[in-house]
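Okay, so here's the structure we're looking at.
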Amino acid sequence: MSWGESRADTGTAAEAARVFAIVNQKGGVGKTTTAVNLAASLAASERATLLIDLDPQANASSAFGVTDPALQVYDVLSGSAAALDSIVPTELSHLHLIPAGEDLSGAEIELVSVQERQSRLRAGIAPILNLYDYVLIDCPPSLGLLTLNALVAADDVVIPLQGEYYALEGLARLQRTIERVRAAFHPGLRLEGIVLTMFDRRANLSRQVEDEVRSHFGAGVFRAVIPRNVRLSEAPSHGKPILLYDLQSRGALAYLELAQEVLARHPRPQRKPPLLPVREGQKAEPEETAW
């Protein structure tokens, strides 16, 4: 079955979620911070949003206070649970999460012998894509099978890029990987944009990296720039995205600006995500969040 056929099962193109893979093989560049806070900012605009934690470190899950989930993304990849059954609510009424757990750390090895191993995530989330407007996938800091699954499942790639020289070298490698995925598995995969993260405008190197990236990629670089911000670093330890931790911080305002760019590129009408059953040990879904 082709990717187009898989998506067609969930509804028309206008109804299906736009799927973004948040990818960078280099660690410590603000990848999970971007996945968590862009998802939260899209949800704050009252669009049905789903965040998938595909990183065995499970930092995107703990950023919402979710630890040791009963069902997780590993169960979706293995086929032992449906994606809809693996979803948990968050404090934001329009944001749901498929969390990661300890089992995901062995998934790369297990997937090697599985048929259509690069398409396991795509097949798993296909039945729920018409329930959401935006789906964001937080990828591990590597270019292994988990990241390959995210790229095959995604419509678009968002690359968080730290303002330093070595980040540019890693970007070239990631571009080659995306081209290989396009050629072998997913011709429609697009580079949605590069997000400059952990940015310090006082540093000459940061400004030089920005100039070089914008001159090369032009409109492929988001206008919003994510600054180095203490409040952004503190928020995960409180199990909250930055919008719920400090809405007035520079980091929160930057991610809200980034979300507005995504909304302008891929508009969706406001709607609520599906109601989830209240499972044992879980709280009911949150009431409407006031902004």
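By order in the structure tokens, chains are A, B, ...; within a chain, residues start at 1; ligands start at 1, following the order shown.
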
Exercise for review: Please report, as a PyMOL selection string, each residue of segment 48-283 of chain A to which DSSP assigns strand (DSSP E) when run on this structure's backbone.
Suggested key: chain A and resi 49-53+88-89+95-98+134-138+156-162+190-199+221-227

Exercise for review: Write out as a ChimeraX atom specification each polymer residue whose atoms come within 12 Å of segment 163-168 of chain A, counting only C-alpha atoms; drop sequence neighbours fewer than 4 positions from it.
Suggested key: /A:24-30,159,172-175,194-214,216,225-228

Exercise for review: Pick out the residues sitting within 10 Å of segment 71-77 of chain A, and hand them over as a VMD selection string; count only C-alpha atoms, and ignore anything fewer than 3 positions along from it in its own chain.
Suggested key: chain A and resid 52 to 56 61 68 80 to 88 97 to 107 111 117 119 to 125 146 149

Same residues, N, CA and C atoms, saved as an mmCIF file, in the first residue's frame:
```cif
data_model
loop_
_atom_site.group_PDB
_atom_site.id
_atom_site.type_symbol
_atom_site.label_atom_id
_atom_site.label_comp_id
_atom_site.auth_asym_id
_atom_site.auth_seq_id
_atom_site.Cartn_x
_atom_site.Cartn_y
_atom_site.Cartn_z
ATOM 1 N N ILE A 52 3.521 13.141 19.392
ATOM 2 C CA ILE A 52 3.996 11.759 19.508
ATOM 3 C C ILE A 52 5.437 11.790 19.977
ATOM 4 N N ASP A 53 5.705 11.157 21.099
ATOM 5 C CA ASP A 53 7.052 11.095 21.638
ATOM 6 C C ASP A 53 7.731 9.837 21.098
ATOM 7 N N LEU A 54 8.630 10.003 20.135
ATOM 8 C CA LEU A 54 9.315 8.877 19.515
ATOM 9 C C LEU A 54 10.773 8.781 19.970
ATOM 10 N N ASP A 55 11.101 9.466 21.035
ATOM 11 C CA ASP A 55 12.461 9.471 21.574
ATOM 12 C C ASP A 55 12.511 8.570 22.811
ATOM 13 N N PRO A 56 13.369 7.536 22.824
ATOM 14 C CA PRO A 56 13.441 6.660 24.003
ATOM 15 C C PRO A 56 13.754 7.385 25.306
ATOM 16 N N SER A 61 7.408 13.351 26.921
ATOM 17 C CA SER A 61 6.362 12.826 27.810
ATOM 18 C C SER A 61 6.489 13.420 29.203
ATOM 19 N N ASP A 68 5.993 6.468 32.974
ATOM 20 C CA ASP A 68 5.555 5.086 33.087
ATOM 21 C C ASP A 68 4.121 4.888 32.572
ATOM 22 N N SER A 80 0.732 -3.969 18.995
ATOM 23 C CA SER A 80 0.030 -4.570 20.126
ATOM 24 C C SER A 80 -1.068 -3.676 20.685
ATOM 25 N N ALA A 81 -1.110 -2.416 20.253
ATOM 26 C CA ALA A 81 -2.168 -1.499 20.702
ATOM 27 C C ALA A 81 -2.460 -0.499 19.593
ATOM 28 N N ALA A 82 -3.712 -0.083 19.528
ATOM 29 C CA ALA A 82 -4.103 0.939 18.554
ATOM 30 C C ALA A 82 -3.628 2.301 19.023
ATOM 31 N N ALA A 83 -3.355 3.173 18.067
ATOM 32 C CA ALA A 83 -2.890 4.517 18.419
ATOM 33 C C ALA A 83 -3.896 5.230 19.314
ATOM 34 N N LEU A 84 -5.175 5.109 18.995
ATOM 35 C CA LEU A 84 -6.201 5.812 19.771
ATOM 36 C C LEU A 84 -6.194 5.366 21.231
ATOM 37 N N ASP A 85 -5.898 4.089 21.473
ATOM 38 C CA ASP A 85 -5.873 3.577 22.842
ATOM 39 C C ASP A 85 -4.627 4.029 23.602
ATOM 40 N N SER A 86 -3.609 4.496 22.877
ATOM 41 C CA SER A 86 -2.347 4.882 23.503
ATOM 42 C C SER A 86 -2.286 6.364 23.833
ATOM 43 N N ILE A 87 -3.288 7.121 23.418
ATOM 44 C CA ILE A 87 -3.290 8.572 23.606
ATOM 45 C C ILE A 87 -3.673 8.932 25.042
ATOM 46 N N VAL A 88 -2.991 9.922 25.597
ATOM 47 C CA VAL A 88 -3.342 10.450 26.915
ATOM 48 C C VAL A 88 -3.588 11.947 26.790
ATOM 49 N N LEU A 97 -1.338 13.436 23.713
ATOM 50 C CA LEU A 97 0.025 12.915 23.673
ATOM 51 C C LEU A 97 0.011 11.403 23.527
ATOM 52 N N ILE A 98 0.840 10.869 22.624
ATOM 53 C CA ILE A 98 1.197 9.447 22.651
ATOM 54 C C ILE A 98 2.583 9.390 23.282
ATOM 55 N N PRO A 99 2.685 8.912 24.508
ATOM 56 C CA PRO A 99 3.951 9.004 25.233
ATOM 57 C C PRO A 99 4.939 7.911 24.826
ATOM 58 N N ALA A 100 6.166 8.081 25.278
ATOM 59 C CA ALA A 100 7.204 7.065 25.136
ATOM 60 C C ALA A 100 7.464 6.451 26.505
ATOM 61 N N GLY A 101 8.063 5.273 26.492
ATOM 62 C CA GLY A 101 8.425 4.601 27.738
ATOM 63 C C GLY A 101 9.684 3.788 27.554
ATOM 64 N N GLU A 102 10.036 3.026 28.569
ATOM 65 C CA GLU A 102 11.289 2.278 28.558
ATOM 66 C C GLU A 102 11.385 1.292 27.398
ATOM 67 N N ASP A 103 10.269 0.681 27.017
ATOM 68 C CA ASP A 103 10.304 -0.338 25.962
ATOM 69 C C ASP A 103 10.796 0.219 24.634
ATOM 70 N N LEU A 104 10.646 1.507 24.420
ATOM 71 C CA LEU A 104 11.011 2.084 23.128
ATOM 72 C C LEU A 104 12.517 1.982 22.863
ATOM 73 N N SER A 105 13.311 1.874 23.922
ATOM 74 C CA SER A 105 14.765 1.826 23.743
ATOM 75 C C SER A 105 15.205 0.598 22.957
ATOM 76 N N GLY A 106 14.423 -0.472 22.984
ATOM 77 C CA GLY A 106 14.771 -1.673 22.228
ATOM 78 C C GLY A 106 14.099 -1.774 20.878
ATOM 79 N N ALA A 107 13.316 -0.775 20.533
ATOM 80 C CA ALA A 107 12.518 -0.854 19.312
ATOM 81 C C ALA A 107 13.381 -0.879 18.052
ATOM 82 N N LEU A 111 12.842 -3.700 15.291
ATOM 83 C CA LEU A 111 12.294 -3.326 13.987
ATOM 84 C C LEU A 111 13.115 -3.848 12.814
ATOM 85 N N ARG A 117 9.463 -2.270 7.949
ATOM 86 C CA ARG A 117 9.848 -1.693 9.236
ATOM 87 C C ARG A 117 9.861 -0.170 9.223
ATOM 88 N N SER A 119 7.720 1.725 7.899
ATOM 89 C CA SER A 119 6.350 2.256 7.796
ATOM 90 C C SER A 119 5.479 1.914 8.989
ATOM 91 N N ARG A 120 6.067 1.421 10.061
ATOM 92 C CA ARG A 120 5.254 0.979 11.199
ATOM 93 C C ARG A 120 4.494 2.137 11.849
ATOM 94 N N LEU A 121 5.150 3.260 12.013
ATOM 95 C CA LEU A 121 4.465 4.403 12.627
ATOM 96 C C LEU A 121 3.390 4.943 11.699
ATOM 97 N N ARG A 122 3.693 5.065 10.420
ATOM 98 C CA ARG A 122 2.716 5.550 9.447
ATOM 99 C C ARG A 122 1.454 4.700 9.476
ATOM 100 N N ALA A 123 1.618 3.391 9.464
ATOM 101 C CA ALA A 123 0.462 2.495 9.499
ATOM 102 C C ALA A 123 -0.286 2.615 10.817
ATOM 103 N N GLY A 124 0.458 2.786 11.911
ATOM 104 C CA GLY A 124 -0.176 2.845 13.220
ATOM 105 C C GLY A 124 -1.032 4.074 13.438
ATOM 106 N N ILE A 125 -0.589 5.228 12.915
ATOM 107 C CA ILE A 125 -1.345 6.465 13.167
ATOM 108 C C ILE A 125 -2.351 6.782 12.061
ATOM 109 N N LEU A 146 13.942 4.647 14.146
ATOM 110 C CA LEU A 146 12.845 5.426 14.713
ATOM 111 C C LEU A 146 12.670 6.735 13.946
ATOM 112 N N ASN A 149 11.127 6.063 10.629
ATOM 113 C CA ASN A 149 9.676 5.898 10.743
ATOM 114 C C ASN A 149 8.974 7.247 10.809
#
```

Practice item. Write out as a list in words the residues lying within 10 Å of Ala252 of chain A, counting only C-alpha atoms and excluding same-chain residues fewer than 5 positions away. Key: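 Using only C-alpha atoms, the neighbours found are Asn37, Leu38, Ala40, Ser41, Ile226, Pro227, Asn229, Arg231, Leu232, Pro241, Ile242, Leu243, Leu244, Tyr245, Asp246, Leu247, Glu257 and Leu258 of chain A.
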
Practice item. DSSP on the backbone, then: every residue of segment 2-240 of chain A marked alpha helix (DSSP H), written as a VMD selection string. Key: chain A and resid 3 to 8 31 to 44 59 to 62 73 to 78 83 to 86 107 to 111 120 to 125 145 to 153 165 to 184 204 to 217 230 to 234

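Coordinates place atom CA of Leu95 of chain A at a distance of 7.3 Å from atom CA of Ala39 of chain A.
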
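The gap separating atom CA of Cys139 of chain A from atom CA of Leu263 of chain A is 21.7 Å, in Å to one decimal.
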
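Between atom CA of Leu171 of chain A and atom CA of Leu148 of chain A the interatomic distance comes to 16.1 Å.
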
**Study point:** Residues within 10 Å of Leu189 of chain A, only C-alpha atoms, excluding chain neighbours under 2 positions, as a ChimeraX atom specification
**Key:** /A:20,151-157,178-179,181-183,185-187,191-192
